[in-house]
Amino acid sequence: MTVSPQPDDTTTPCTTVLIALEGGPASLPPELRSQRISPDAPKVKVPHHGGYEHFERSDDGDGEPLVFRWAYRSRIAE
């Protein structure tokens, strides 16, 4: 019986990246301003006070955290 080697954490691709949300309402909790998402996501939509705060990626850097800046607010459709 052969056993496959376990993947090395330094060589397996990362499925999420750390992001930082900048701007938007001051009432947005700090724990929502730092989260992990898919590395190819161009936008982040955060539910907040009966609507959504929309953040767009501001750079294409490879480092973490990736920065997303506040773009606009939308209301939740009822």
# chains A, B, ... in the order shown; residues from 1 in each chain; ligands from 1
>>> residues_around(residues="region 36-53 of chain A", least_positions_apart="4", cutoff="7 Å", atoms="only C-alpha atoms", output="NGL selection string")
:A and (15-19 or 57 or 72-76)
>>> residues_around(residues="Pro30 (chain A)", least_positions_apart="6", cutoff="12 Å", atoms="only C-alpha atoms", output="PyMOL selection string")
chain A and resi 20-24
>>> atom_distance(atom1="CA of Arg69 (chain A)", atom2="CA of Phe55 (chain A)")
5.1 Å
>>> residues_around(residues="Asp59 (chain A)", least_positions_apart="4", cutoff="8 Å", atoms="only C-alpha atoms", output="mmCIF file with all heavy atoms, in the first residue's frame")
data_model
loop_
_atom_site.group_PDB
_atom_site.id
_atom_site.type_symbol
_atom_site.label_atom_id
_atom_site.label_comp_id
_atom_site.auth_asym_id
_atom_site.auth_seq_id
_atom_site.Cartn_x
_atom_site.Cartn_y
_atom_site.Cartn_z
ATOM 1 N N LEU A 66 -5.614 42.917 0.283
ATOM 2 C CA LEU A 66 -6.040 43.641 -0.906
ATOM 3 C C LEU A 66 -6.992 44.735 -0.431
ATOM 4 O O LEU A 66 -7.805 44.514 0.458
ATOM 5 C CB LEU A 66 -6.776 42.721 -1.879
ATOM 6 C CG LEU A 66 -5.949 41.608 -2.515
ATOM 7 C CD1 LEU A 66 -6.845 40.741 -3.395
ATOM 8 C CD2 LEU A 66 -4.816 42.183 -3.316
ATOM 9 N N VAL A 67 -6.900 45.903 -1.028
ATOM 10 C CA VAL A 67 -7.722 47.024 -0.597
ATOM 11 C C VAL A 67 -8.926 47.195 -1.513
ATOM 12 O O VAL A 67 -8.793 47.215 -2.737
ATOM 13 C CB VAL A 67 -6.892 48.329 -0.564
ATOM 14 C CG1 VAL A 67 -7.762 49.512 -0.185
ATOM 15 C CG2 VAL A 67 -5.731 48.193 0.402
ATOM 16 N N PHE A 68 -10.096 47.286 -0.896
ATOM 17 C CA PHE A 68 -11.336 47.576 -1.597
ATOM 18 C C PHE A 68 -11.860 48.891 -1.036
ATOM 19 O O PHE A 68 -11.977 49.051 0.176
ATOM 20 C CB PHE A 68 -12.368 46.462 -1.361
ATOM 21 C CG PHE A 68 -12.112 45.212 -2.155
ATOM 22 C CD1 PHE A 68 -11.048 44.385 -1.846
ATOM 23 C CD2 PHE A 68 -12.939 44.869 -3.203
ATOM 24 C CE1 PHE A 68 -10.808 43.223 -2.572
ATOM 25 C CE2 PHE A 68 -12.716 43.708 -3.937
ATOM 26 C CZ PHE A 68 -11.645 42.888 -3.619
#
